[in-house]
Amino acid sequence: MRNPQLNEKGELQHLLTIEGLPREVLTHILDTATSFVGVTAREVKKVPLLRGKSVFNLFFEASTRTRTTFEIAAKRLSADVINLNIAVSSSTKGETLLDTVDNLSAMHADMFVVRHAQSGAPHLIASHVASHLHVVNAGDGRHAHPTQGLLDLYTIRHFKKDFTRLSVAIVGDVLHSRVARSLIHALTIMGTPDIRVIGPMTLIPSGAEKLGVKVFYDLEQGLRDVDVVVMLRLQNERMRGALLPSAQEFFKYYGLTPEKLALAKPDAIVMHPGPLNRGVEIDSAVADGSHAVILSQVTFGIAVRMAVMSILAGN
Amino acid sequence: MQLKPQVTADTALVGIHTGGVWLAERLHAALGIALPLGVLDISFYRDDFDKTGLHPQIKPTQIPFEVDGRHIVLVDDVLYTGRTVRGAMNELFDYGRPASISLAVLIDRGGRELPVAAQYVGARLEVPQGHMLVLDRDEHGKLRLKLDA
């Protein structure tokens, strides 16, 4: 069966997950993003690529940062952007997901950017819409957050150049993290030899090794000599039951402090998808320190989303 | 060379990817231009994006000088329909308001679809429609014209 994200010519039609994409597609997105970084740094931060196109941000789940960066990216491509907070709209009135999508398609949408608490919702929409429409997954449940994975990949490439000799540690609440899943797939496709996940047993999915990662339950062991540390946000809103004794105890064992970071390579970079929980997963001295590239991730994130949207719209 | 008498301290060269950049690099050195060389990739300004999509290999545009008030010479290998030059001018104006823009090309092959003219032309050639004429560079940096059917 064909990868549902690719059209009959093998080009990207939708971006639903990084899993299963060819390395060339990822490289093309990263290379294109490099050109958009230049655009976003100039006085006029706009190019006319998507002029006349309508991008609908469908957010069935609350998000400020991701929605905003998608909105900025679409506007810098000169698209018209319509934001729908469906968490507080139609679905509460009983309309089904596909009815909502059909209604918006009838308004001549060209692209849907979808965030949904249910894993697979963007796939469902992509398999339902007409073939000239494009769907970008902006995070679905615990499944995938491909543009975050791509911007993480872009950031790592920017600072570390060559994936084939890197050690990358992903730390914290891996269980609930679509960011972690997308990044693990992306790094694997790019040929990263050493990917580690570090966290308490209750927050590491069982069978994580099947993704090709090494599992560490001890932060100090796992951080030794890594080039990149990716801290994950502790997702309180997704916690069910007693997975953790307390945020303080989590910080004591898994919070990234300057002392623990010293175990990584001297030129290691520290990343975080945001929003930061200072004093829970990361110490302020690290978040604001010289190893942190967290704000670069935000800047690159816009360029990466511009690249994804323009590649999709052109295919 | 036709261009030389026109060069002032406010003259800047901007090459259009890819062939135009190779030529602009040579002109930049030959004319002793003080302002650093600019390079444009007009992929984000093309008028056929809806038909052809995004170019698979986009190079970053770099304009390492203030565009406002400058006399800019756009450099390209082959002038044909004029659509590339239209895109290049649009992109330049997103960096500022130049005092003037002129155009230098190695080959003018006719076939214009827009009111665009080059001020500096190396040679005029008749190339039948449907053929591609581009500048090519080998591993030794040697440039030559390539005609594809």
# chains A, B, ... in the order shown; residues from 1 in each chain; ligands from 1
$ closest_atom_pairs --of "chain A" --to "chain B" --cutoff "6 Å" --atoms "only C-alpha atoms" --output "CSV"
residue,atom,partner,partner_atom,distance
A:Thr32,CA,B:Ile58,CA,6.0
A:Ser35,CA,B:Pro60,CA,4.2
A:Val44,CA,B:Asp94,CA,5.4
A:Leu49,CA,B:Phe44,CA,5.6
A:Ile311,CA,B:Leu54,CA,5.9
A:Gly314,CA,B:Gly53,CA,3.5
A:Asn315,CA,B:Gly53,CA,5.7
$ residues_around --residues "region 5-21 of chain B" --least-positions-apart "3" --cutoff "10 Å" --atoms "only C-alpha atoms" --output "PyMOL selection string"
chain B and resi 1-2+24-28+31-43+58-63+65-67+69-78+84-85+88+92+99-106+134-137+143-145
$ atom_distance --atom1 "CA of Val197 (chain A)" --atom2 "CA of Asp267 (chain A)"
19.9 Å
$ residues_around --residues "Leu58 (chain A)" --least-positions-apart "6" --cutoff "9 Å" --atoms "only C-alpha atoms" --output "ChimeraX atom specification"
/A:67,82-86,112-116
$ write_last_selection --atoms "N, CA and C atoms" --output "PDB file, in the first residue's frame"
ATOM      1  N   ARG A  67      -0.239  26.850  17.230  1.00  0.00           N
ATOM      2  CA  ARG A  67      -1.205  27.530  16.365  1.00  0.00           C
ATOM      3  C   ARG A  67      -0.639  28.851  15.862  1.00  0.00           C
ATOM      4  N   ILE A  82      -7.375  31.205   8.575  1.00  0.00           N
ATOM      5  CA  ILE A  82      -8.599  31.223   9.366  1.00  0.00           C
ATOM      6  C   ILE A  82      -8.382  30.297  10.563  1.00  0.00           C
ATOM      7  N   ASN A  83      -8.493  30.845  11.758  1.00  0.00           N
ATOM      8  CA  ASN A  83      -8.277  30.053  12.968  1.00  0.00           C
ATOM      9  C   ASN A  83      -9.598  29.599  13.537  1.00  0.00           C
ATOM     10  N   LEU A  84      -9.718  28.291  13.763  1.00  0.00           N
ATOM     11  CA  LEU A  84     -10.947  27.784  14.362  1.00  0.00           C
ATOM     12  C   LEU A  84     -10.598  27.032  15.632  1.00  0.00           C
ATOM     13  N   ASN A  85     -11.132  27.528  16.716  1.00  0.00           N
ATOM     14  CA  ASN A  85     -10.967  26.826  17.982  1.00  0.00           C
ATOM     15  C   ASN A  85     -12.164  25.936  18.175  1.00  0.00           C
ATOM     16  N   ILE A  86     -12.040  24.724  17.626  1.00  0.00           N
ATOM     17  CA  ILE A  86     -13.224  23.875  17.601  1.00  0.00           C
ATOM     18  C   ILE A  86     -13.473  23.241  18.960  1.00  0.00           C
ATOM     19  N   PHE A 112      -5.559  22.243   5.502  1.00  0.00           N
ATOM     20  CA  PHE A 112      -5.995  22.155   6.891  1.00  0.00           C
ATOM     21  C   PHE A 112      -4.801  21.859   7.782  1.00  0.00           C
ATOM     22  N   VAL A 113      -4.646  22.636   8.824  1.00  0.00           N
ATOM     23  CA  VAL A 113      -3.640  22.347   9.847  1.00  0.00           C
ATOM     24  C   VAL A 113      -4.427  21.850  11.052  1.00  0.00           C
ATOM     25  N   VAL A 114      -4.207  20.584  11.413  1.00  0.00           N
ATOM     26  CA  VAL A 114      -5.117  19.934  12.363  1.00  0.00           C
ATOM     27  C   VAL A 114      -4.405  19.533  13.635  1.00  0.00           C
ATOM     28  N   ARG A 115      -4.956  19.954  14.751  1.00  0.00           N
ATOM     29  CA  ARG A 115      -4.533  19.393  16.035  1.00  0.00           C
ATOM     30  C   ARG A 115      -5.731  18.751  16.688  1.00  0.00           C
ATOM     31  N   HIS A 116      -5.513  17.537  17.192  1.00  0.00           N
ATOM     32  CA  HIS A 116      -6.638  16.814  17.786  1.00  0.00           C
ATOM     33  C   HIS A 116      -6.127  15.941  18.925  1.00  0.00           C
TER      34      HIS A 116
END
$ select_by_dssp --residues "chain B" --states "alpha helix (DSSP H)" --output "number ranges by chain"
B: 19-31, 49-52, 83-93
$ residues_around --residues "region 130-141 of chain A" --least-positions-apart "2" --cutoff "6 Å" --atoms "only C-alpha atoms" --output "list in words"
His14, Leu15, Leu16, Asp110, Met111, Phe112, Val113, Val114, Arg115, His116, Ala117, Gln118, Ser119, Pro122, Ala126, His143, Ala144 and His145 of chain A
